[in-house]
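Dropping my_file.cif in here (mmCIF, C-alpha atoms):
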data_input
#
loop_
_atom_site.label_atom_id
_atom_site.label_comp_id
_atom_site.auth_asym_id
_atom_site.auth_seq_id
_atom_site.Cartn_x
_atom_site.Cartn_y
_atom_site.Cartn_z
CA MET A 1072 -0.82 7.53 12.74
CA SER A 1073 0.58 8.91 15.98
CA PRO A 1074 4.37 9.06 16.40
CA PHE A 1075 4.00 8.41 20.13
CA THR A 1076 5.04 4.86 20.99
CA GLY A 1077 4.78 4.68 24.77
CA SER A 1078 7.30 2.08 25.95
CA ALA A 1079 7.33 0.04 22.74
CA HIS A 1080 10.64 -0.52 20.95
CA ALA A 1081 11.18 -1.03 17.23
CA THR A 1082 11.30 -4.64 16.06
CA ASP A 1083 14.79 -5.70 14.97
CA ALA A 1084 13.77 -8.62 12.74
CA TRP A 1085 10.60 -9.82 11.04
CA GLU A 1086 9.93 -13.51 10.55
CA HIS A 1087 7.88 -13.31 7.36
CA LEU A 1088 9.30 -10.20 5.68
CA ARG A 1089 12.60 -8.69 4.60
CA VAL A 1090 12.88 -5.01 5.46
CA THR A 1091 15.55 -2.55 4.38
CA ARG A 1092 15.83 1.21 4.70
CA GLU A 1093 17.91 3.60 2.60
CA ASP A 1094 17.66 7.35 2.07
CA GLY A 1095 14.10 7.60 3.34
CA VAL A 1096 12.84 4.58 1.36
CA ALA A 1097 11.73 1.41 3.14
CA THR A 1098 11.65 -1.74 1.01
CA VAL A 1099 9.42 -4.51 2.30
CA THR A 1100 9.67 -7.89 0.58
CA LEU A 1101 7.27 -10.77 1.10
CA ALA A 1102 9.71 -13.63 1.59
CA ARG A 1103 8.07 -17.01 1.07
CA PRO A 1104 9.11 -17.63 -2.54
CA ASP A 1105 8.50 -21.39 -2.40
CA THR A 1106 4.76 -20.69 -2.05
CA LEU A 1107 4.64 -17.60 -4.30
CA ASN A 1108 4.75 -15.53 -1.12
CA SER A 1109 1.44 -16.83 0.15
CA LEU A 1110 0.27 -15.15 3.33
CA THR A 1111 0.05 -16.84 6.71
CA PHE A 1112 -1.49 -15.57 9.95
CA GLY A 1113 1.97 -14.43 10.97
CA ALA A 1114 2.64 -12.65 7.68
CA TYR A 1115 -0.56 -10.62 8.01
CA ALA A 1116 0.33 -9.71 11.60
CA ASP A 1117 3.88 -8.77 10.64
CA LEU A 1118 2.67 -6.47 7.87
CA ARG A 1119 0.15 -4.80 10.18
CA ASP A 1120 2.71 -4.26 12.93
CA LEU A 1121 5.54 -3.23 10.60
CA LEU A 1122 3.44 -0.53 8.95
CA ALA A 1123 2.55 0.86 12.37
CA GLU A 1124 6.23 0.95 13.38
CA LEU A 1125 7.35 2.59 10.13
CA SER A 1126 4.60 5.18 10.50
CA ARG A 1127 5.94 6.16 13.90
CA GLU A 1128 9.57 6.41 12.78
CA ARG A 1129 9.10 9.61 10.76
CA ALA A 1130 12.25 8.74 8.80
CA VAL A 1131 10.40 6.79 6.10
CA ARG A 1132 9.19 8.93 3.22
CA ALA A 1133 8.19 6.19 0.78
CA LEU A 1134 7.74 2.42 0.85
CA VAL A 1135 8.17 -0.22 -1.84
CA LEU A 1136 6.23 -3.46 -1.33
CA GLY A 1137 7.37 -6.42 -3.42
CA GLY A 1138 7.63 -10.17 -3.49
CA GLU A 1139 10.62 -12.49 -3.67
CA GLY A 1140 10.96 -15.06 -6.43
CA ARG A 1141 8.51 -15.74 -9.27
CA GLY A 1142 5.59 -13.57 -8.18
CA PHE A 1143 4.28 -10.80 -5.98
CA CYS A 1144 1.84 -12.71 -3.75
CA SER A 1145 -0.49 -15.64 -4.39
CA GLY A 1146 -2.85 -14.71 -1.53
CA GLY A 1147 -3.72 -16.61 1.62
CA ASP A 1148 -1.94 -19.91 2.09
CA VAL A 1149 -4.40 -22.73 1.30
CA GLU A 1150 -3.24 -25.04 4.05
CA GLU A 1151 -2.09 -22.62 6.73
CA ILE A 1152 -5.09 -20.29 6.46
CA ILE A 1153 -7.97 -21.86 4.53
CA GLY A 1154 -7.49 -25.24 6.18
CA ALA A 1155 -7.15 -23.67 9.62
CA THR A 1156 -10.18 -21.41 9.28
CA LEU A 1157 -12.41 -24.45 8.73
CA GLU A 1158 -11.71 -25.35 12.37
CA MET A 1159 -12.42 -21.87 13.80
CA ASP A 1160 -15.56 -20.63 15.47
CA THR A 1161 -17.30 -17.41 14.43
CA GLY A 1162 -15.47 -15.24 16.96
CA GLN A 1163 -12.08 -16.48 15.82
CA LEU A 1164 -13.02 -16.00 12.17
CA LEU A 1165 -14.14 -12.44 12.87
CA ASP A 1166 -10.84 -11.69 14.62
CA PHE A 1167 -8.88 -13.05 11.66
CA ASN A 1168 -10.86 -11.15 9.05
CA ARG A 1169 -10.59 -7.96 11.06
CA MET A 1170 -6.81 -8.43 11.16
CA THR A 1171 -6.58 -8.71 7.37
CA GLY A 1172 -8.62 -5.53 7.09
CA GLN A 1173 -6.25 -3.81 9.50
CA VAL A 1174 -3.40 -4.48 7.07
CA VAL A 1175 -5.31 -2.69 4.30
CA ARG A 1176 -6.17 0.20 6.60
CA ALA A 1177 -2.52 0.47 7.59
CA LEU A 1178 -1.48 0.69 3.92
CA ARG A 1179 -4.04 3.43 3.30
CA GLU A 1180 -3.42 5.35 6.53
CA CYS A 1181 0.38 5.27 6.80
CA PRO A 1182 1.79 8.79 6.30
CA PHE A 1183 3.95 7.98 3.26
CA PRO A 1184 3.22 6.78 -0.27
CA VAL A 1185 3.32 3.03 -0.86
CA ILE A 1186 4.39 1.63 -4.22
CA ALA A 1187 3.56 -2.00 -5.02
CA ALA A 1188 6.13 -3.57 -7.37
CA VAL A 1189 4.17 -6.35 -9.05
CA HIS A 1190 5.70 -9.15 -11.08
CA GLY A 1191 4.07 -12.46 -11.83
CA VAL A 1192 0.89 -13.16 -9.93
CA ALA A 1193 -0.95 -10.90 -7.49
CA ALA A 1194 -3.90 -13.05 -6.47
CA GLY A 1195 -6.54 -12.99 -3.77
CA ALA A 1196 -5.21 -11.10 -0.77
CA GLY A 1197 -2.09 -10.33 -2.81
CA ALA A 1198 -4.20 -8.44 -5.33
CA VAL A 1199 -5.81 -6.45 -2.50
CA LEU A 1200 -2.43 -5.56 -1.01
CA ALA A 1201 -1.41 -4.14 -4.40
CA LEU A 1202 -4.78 -2.40 -4.71
CA ALA A 1203 -4.33 -0.73 -1.32
CA ALA A 1204 -0.99 0.78 -2.37
CA ASP A 1205 -0.89 4.34 -3.69
CA PHE A 1206 0.93 3.29 -6.85
CA ARG A 1207 1.10 -0.05 -8.67
CA VAL A 1208 4.16 -0.53 -10.90
CA ALA A 1209 3.98 -3.79 -12.85
CA ASP A 1210 5.84 -5.94 -15.34
CA PRO A 1211 4.04 -6.61 -18.65
CA SER A 1212 3.63 -10.25 -17.59
CA ALA A 1213 2.02 -9.39 -14.24
CA ARG A 1214 -1.54 -10.50 -13.61
CA PHE A 1215 -4.10 -9.61 -10.97
CA ALA A 1216 -6.88 -11.94 -9.79
CA PHE A 1217 -9.42 -11.26 -7.04
CA LEU A 1218 -10.16 -14.94 -6.43
CA PHE A 1219 -12.46 -14.79 -3.42
CA THR A 1220 -15.67 -15.99 -5.11
CA LYS A 1221 -13.73 -18.93 -6.57
CA VAL A 1222 -13.28 -20.30 -3.04
CA GLY A 1223 -16.90 -19.62 -2.12
CA LEU A 1224 -16.39 -16.30 -0.34
CA SER A 1225 -17.51 -12.75 -1.01
CA GLY A 1226 -15.50 -10.79 -3.54
CA GLY A 1227 -15.60 -7.88 -1.10
CA ASP A 1228 -12.74 -9.16 1.05
CA MET A 1229 -10.29 -6.87 2.88
CA GLY A 1230 -11.94 -3.73 1.57
CA ALA A 1231 -11.79 -4.76 -2.10
CA ALA A 1232 -15.41 -3.78 -2.75
CA TYR A 1233 -14.64 -0.33 -1.34
CA LEU A 1234 -11.31 0.30 -3.03
CA LEU A 1235 -11.61 -1.35 -6.45
CA PRO A 1236 -14.64 0.63 -7.76
CA ARG A 1237 -12.83 3.81 -6.79
CA VAL A 1238 -9.78 2.79 -8.82
CA VAL A 1239 -11.30 1.18 -11.93
CA GLY A 1240 -15.01 2.09 -11.75
CA LEU A 1241 -18.03 0.04 -10.69
CA GLY A 1242 -18.42 -1.87 -13.96
CA HIS A 1243 -14.88 -3.22 -14.05
CA ALA A 1244 -14.88 -3.83 -10.30
CA THR A 1245 -18.08 -5.88 -10.54
CA ARG A 1246 -16.57 -8.06 -13.25
CA LEU A 1247 -13.27 -8.57 -11.44
CA LEU A 1248 -14.76 -9.26 -8.01
CA MET A 1249 -17.73 -11.34 -9.19
CA LEU A 1250 -15.95 -13.58 -11.71
CA GLY A 1251 -12.52 -13.72 -10.12
CA GLU A 1252 -10.85 -13.88 -13.52
CA ALA A 1253 -7.21 -12.92 -13.96
CA VAL A 1254 -6.48 -9.55 -15.53
CA ARG A 1255 -3.15 -9.29 -17.29
CA ALA A 1256 -1.01 -6.18 -17.22
CA PRO A 1257 -2.06 -4.60 -20.55
CA GLU A 1258 -5.75 -4.67 -19.61
CA ALA A 1259 -4.98 -3.70 -16.02
CA GLU A 1260 -3.19 -0.62 -17.33
CA ARG A 1261 -6.08 0.21 -19.66
CA ILE A 1262 -8.67 0.17 -16.86
CA GLY A 1263 -6.46 2.11 -14.45
CA LEU A 1264 -5.44 -0.69 -12.09
CA ILE A 1265 -1.76 -0.19 -12.96
CA SER A 1266 -0.11 3.19 -12.36
CA GLU A 1267 3.00 2.45 -14.42
CA LEU A 1268 3.85 -0.40 -16.81
CA ALA A 1269 7.56 -1.18 -16.53
CA GLU A 1270 9.82 -3.09 -18.87
CA GLU A 1271 9.76 -6.85 -18.35
CA GLY A 1272 11.63 -7.76 -15.18
CA GLN A 1273 12.03 -4.11 -14.17
CA ALA A 1274 9.00 -3.52 -11.92
CA HIS A 1275 11.06 -3.39 -8.74
CA GLU A 1276 13.64 -1.04 -10.26
CA ALA A 1277 10.91 1.26 -11.59
CA ALA A 1278 9.10 1.20 -8.24
CA ALA A 1279 12.35 1.97 -6.41
CA ALA A 1280 13.02 4.92 -8.73
CA LEU A 1281 9.54 6.29 -8.05
CA ALA A 1282 10.06 5.79 -4.31
CA ARG A 1283 13.34 7.72 -4.40
CA ARG A 1284 11.64 10.53 -6.31
CA LEU A 1285 8.87 10.70 -3.71
CA ALA A 1286 11.29 10.43 -0.79
CA ALA A 1287 13.28 13.37 -2.13
CA GLY A 1288 10.16 15.54 -2.28
CA PRO A 1289 8.04 17.36 0.32
CA ALA A 1290 7.09 14.51 2.65
CA LEU A 1291 4.56 16.49 4.67
CA ALA A 1292 2.73 17.56 1.51
CA HIS A 1293 2.70 13.96 0.29
CA ALA A 1294 1.37 12.70 3.63
CA GLN A 1295 -1.45 15.23 3.69
CA THR A 1296 -2.34 14.60 0.05
CA LYS A 1297 -2.63 10.87 0.77
CA ALA A 1298 -4.73 11.54 3.86
CA LEU A 1299 -7.11 13.78 1.92
CA LEU A 1300 -7.45 11.30 -0.96
CA THR A 1301 -8.58 8.65 1.51
CA ALA A 1302 -10.69 10.84 3.80
CA GLU A 1303 -12.58 12.64 1.04
CA LEU A 1304 -13.74 9.54 -0.82
CA ASP A 1305 -17.06 9.61 1.01
CA MET A 1306 -17.38 13.30 1.82
CA PRO A 1307 -19.79 15.79 0.30
CA LEU A 1308 -18.08 18.60 -1.60
CA ALA A 1309 -18.69 21.20 1.12
CA ALA A 1310 -16.93 19.07 3.74
CA ALA A 1311 -14.10 18.22 1.34
CA VAL A 1312 -13.28 21.82 0.42
CA GLU A 1313 -13.40 22.80 4.10
CA MET A 1314 -10.93 20.01 4.93
CA ASP A 1315 -8.75 21.17 2.02
CA ALA A 1316 -8.81 24.73 3.36
CA ALA A 1317 -7.83 23.67 6.87
CA THR A 1318 -5.03 21.45 5.54
CA GLN A 1319 -3.62 24.16 3.29
CA ALA A 1320 -3.70 26.69 6.14
CA LEU A 1321 -1.64 24.30 8.27
CA LEU A 1322 0.84 23.59 5.46
CA MET A 1323 1.24 27.29 4.73
CA ASN A 1324 2.82 27.47 8.19
CA SER A 1325 5.28 24.68 7.33
CA SER A 1326 9.01 25.00 6.79
CA ASP A 1327 8.68 23.40 3.36
CA TYR A 1328 6.28 26.09 2.16
CA ALA A 1329 8.69 28.83 3.25
CA GLU A 1330 11.57 26.88 1.71
CA PHE A 1331 9.86 26.81 -1.68
CA HIS A 1332 9.58 30.60 -1.66
CA ALA A 1333 13.19 31.01 -0.57
CA ALA A 1334 14.38 28.59 -3.25
CA PHE A 1335 12.27 30.24 -5.94
CA THR A 1336 13.62 33.67 -4.99
CA ALA A 1337 17.21 32.40 -5.00
CA LYS A 1338 16.67 30.48 -8.25
CA ARG A 1339 17.71 27.14 -6.71
CA SER A 1340 16.05 23.79 -6.00
CA PRO A 1341 14.13 23.49 -2.71
CA LYS A 1342 15.71 21.56 0.15
CA TRP A 1343 12.64 19.79 1.51
CA GLN A 1344 12.63 19.01 5.24
CA GLY A 1345 9.28 17.28 5.56
CA LYS A 1346 8.08 19.65 8.25
#
Whole structure, structure tokens version:
Amino acid sequence: MSPFTGSAHATDAWEHLRVTREDGVATVTLARPDTLNSLTFGAYADLRDLLAELSRERAVRALVLGGEGRGFCSGGDVEEIIGATLEMDTGQLLDFNRMTGQVVRALRECPFPVIAAVHGVAAGAGAVLALAADFRVADPSARFAFLFTKVGLSGGDMGAAYLLPRVVGLGHATRLLMLGEAVRAPEAERIGLISELAEEGQAHEAAAALARRLAAGPALAHAQTKALLTAELDMPLAAAVEMDAATQALLMNSSDYAEFHAAFTAKRSPKWQGK
């Protein structure tokens, strides 16, 4: 995403989220615990706009996405979204569904790694938000459920049919998206949906530790690695290796690359600058 903001100013407060920043790590918490952090129209819009703002800041090197209270996110709010969409025309429905997809794109395209800290339920859109993160750190009691077919909709919502087969394989993705059954943490880890299984009640702490580790590393290298992982999913090998070559040539002109050599020569740890 471009760092150029025009005349826009950073948002001081977000209605549906809690946002903190410390030492290059942004922590974003879904903050509707009374409804298991169900998503409203405003919550989707806040996430989309927040990710764009954080991407322009250049100070954020990693992001932790979590949920307040008993669970990560129970998906779209039944009354505030499902009830409301029954009154919308096709144009309005298309606008809404495009907005939810923009949130997933923002998670995949932001220039820093995103770690989802999952405890309790991650259901429906909540499961897709976790899926769109670069890392999923989960409690042993966490469970994921892609519930879309259970409400009469396609399981391929918000990019799930694109992302999930690439994470767990087509067979597992078909089962999860078609049946909408909950997958508990041990199985989710076995099929590759979970990046790290934390101790019970420690998902946020483990995700924060991973975020600090990433934030202390070479941010430019992380950003380009993430960009290549996303861009090359649908590329032929020839195009992918050419993009790799161009990216490495650019990074070989970076301060961090020179810093590694200087640190190696001086037998000290690199002081990464992210540029």
| query | Using all atoms listed in the file, which of A:Trp1343, A:Phe1167, A:Phe1331, A:Phe1183 sits nearest A:Arg1132? | reply | A:Phe1183
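Atom to atom, atom CA of A:Leu1121 and atom CA of A:Gly1272 stand 26.9 Å apart.
Among the candidates A:Asn1168, A:Ser1109, A:Asp1117, A:Ala1196, the one nearest to A:Val1090 when counting all atoms listed in the file is A:Asp1117.
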| atom CA of A:Glu1276 and atom CA of A:Ala1203 are how many Å apart? | 20.1 Å
| said: Could you list, as an MDAnalysis selection string, every residue within 7 Å of A:Pro1184, counting all atoms listed in the file and ignoring same-chain residues fewer than 6 positions away? | reply: chainID A and resid 1133:1134 1205
File of the preceding selection, C-alpha atoms, as a short mmCIF file (atom, residue, chain, number, x, y, z; two decimals), keeping the file's coordinate frame:
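Output saved as selection.cif:
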data_model
loop_
_atom_site.label_atom_id
_atom_site.label_comp_id
_atom_site.auth_asym_id
_atom_site.auth_seq_id
_atom_site.Cartn_x
_atom_site.Cartn_y
_atom_site.Cartn_z
CA ALA A 1133 8.19 6.19 0.78
CA LEU A 1134 7.74 2.42 0.85
CA ASP A 1205 -0.89 4.34 -3.69
#
With all atoms listed in the file as the counted atoms, please give the residues lying no more than 10 Å from A:Thr1106, apart from itself and same-chain residues fewer than 2 positions off, as a short mmCIF file (atom, residue, chain, number, x, y, z; two decimals) with C-alpha atoms, keeping the file's coordinate frame.
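Dumped everything to selection.cif:
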data_model
loop_
_atom_site.label_atom_id
_atom_site.label_comp_id
_atom_site.auth_asym_id
_atom_site.auth_seq_id
_atom_site.Cartn_x
_atom_site.Cartn_y
_atom_site.Cartn_z
CA ALA A 1102 9.71 -13.63 1.59
CA ARG A 1103 8.07 -17.01 1.07
CA PRO A 1104 9.11 -17.63 -2.54
CA ASN A 1108 4.75 -15.53 -1.12
CA SER A 1109 1.44 -16.83 0.15
CA LEU A 1110 0.27 -15.15 3.33
CA GLY A 1140 10.96 -15.06 -6.43
CA ARG A 1141 8.51 -15.74 -9.27
CA GLY A 1142 5.59 -13.57 -8.18
CA CYS A 1144 1.84 -12.71 -3.75
CA SER A 1145 -0.49 -15.64 -4.39
CA GLY A 1146 -2.85 -14.71 -1.53
CA ASP A 1148 -1.94 -19.91 2.09
CA VAL A 1149 -4.40 -22.73 1.30
#
| 6 Å contact set for A:Lys1346, only C-alpha atoms, chain neighbours under 2 positions out, as a ChimeraX atom specification | /A:1291,1325-1326,1344
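Of note, atom CA of A:Arg1092 and atom CA of A:Val1208 are spaced 19.6 Å apart.
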| Residue among A:Met1323, A:Met1249, A:Leu1118, A:Ala1084 lying closest to A:Asp1228, counting only C-alpha atoms | A:Met1249
| request: Check what the PyMOL selection byres ((chain A and resi 1287) around 9) selects in the file above and give those residues as a PyMOL selection string. | output: chain A and resi 1094-1095+1132+1282-1286+1288-1290+1342-1343
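Within 12 Å of the file-frame point (-8.6, -0.6, -18.4), and using all atoms listed in the file, the polymer residues found are Val1238, Val1239, Gly1240, Gly1242, His1243, Ala1244, Leu1247, Val1254, Arg1255, Ala1256, Pro1257, Glu1258, Ala1259, Glu1260, Arg1261, Ile1262, Gly1263, Leu1264, Ile1265 and Ser1266 of chain A.
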Residue selection dump (C-alpha atoms) as a PDB file, in the frame of the given file:
ATOM      1  CA  VAL A1238      -9.780   2.790  -8.820  1.00  0.00           C
ATOM      2  CA  VAL A1239     -11.300   1.180 -11.930  1.00  0.00           C
ATOM      3  CA  GLY A1240     -15.010   2.090 -11.750  1.00  0.00           C
ATOM      4  CA  GLY A1242     -18.420  -1.870 -13.960  1.00  0.00           C
ATOM      5  CA  HIS A1243     -14.880  -3.220 -14.050  1.00  0.00           C
ATOM      6  CA  ALA A1244     -14.880  -3.830 -10.300  1.00  0.00           C
ATOM      7  CA  LEU A1247     -13.270  -8.570 -11.440  1.00  0.00           C
ATOM      8  CA  VAL A1254      -6.480  -9.550 -15.530  1.00  0.00           C
ATOM      9  CA  ARG A1255      -3.150  -9.290 -17.290  1.00  0.00           C
ATOM     10  CA  ALA A1256      -1.010  -6.180 -17.220  1.00  0.00           C
ATOM     11  CA  PRO A1257      -2.060  -4.600 -20.550  1.00  0.00           C
ATOM     12  CA  GLU A1258      -5.750  -4.670 -19.610  1.00  0.00           C
ATOM     13  CA  ALA A1259      -4.980  -3.700 -16.020  1.00  0.00           C
ATOM     14  CA  GLU A1260      -3.190  -0.620 -17.330  1.00  0.00           C
ATOM     15  CA  ARG A1261      -6.080   0.210 -19.660  1.00  0.00           C
ATOM     16  CA  ILE A1262      -8.670   0.170 -16.860  1.00  0.00           C
ATOM     17  CA  GLY A1263      -6.460   2.110 -14.450  1.00  0.00           C
ATOM     18  CA  LEU A1264      -5.440  -0.690 -12.090  1.00  0.00           C
ATOM     19  CA  ILE A1265      -1.760  -0.190 -12.960  1.00  0.00           C
ATOM     20  CA  SER A1266      -0.110   3.190 -12.360  1.00  0.00           C
TER      21      SER A1266
END
| What does the PyMOL selection byres ((chain A and resi 1204) around 8) select in this file, as a ChimeraX atom specification? | /A:1178-1179,1184-1187,1200-1203,1205-1207
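Distance annotation: of A:Leu1308, A:Leu1250, A:Ala1209, A:Leu1235, the residue with the minimal separation from A:Ala1269 is A:Ala1209; atom set is only C-alpha atoms.
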| request: May I have the residues at most 10 Å from (-17.4, -8.0, -4.9) in the file's coordinates, counting only C-alpha atoms, as a ChimeraX atom specification? | output: /A:1217,1219-1220,1224-1228,1230-1233,1235-1236,1241,1244-1251
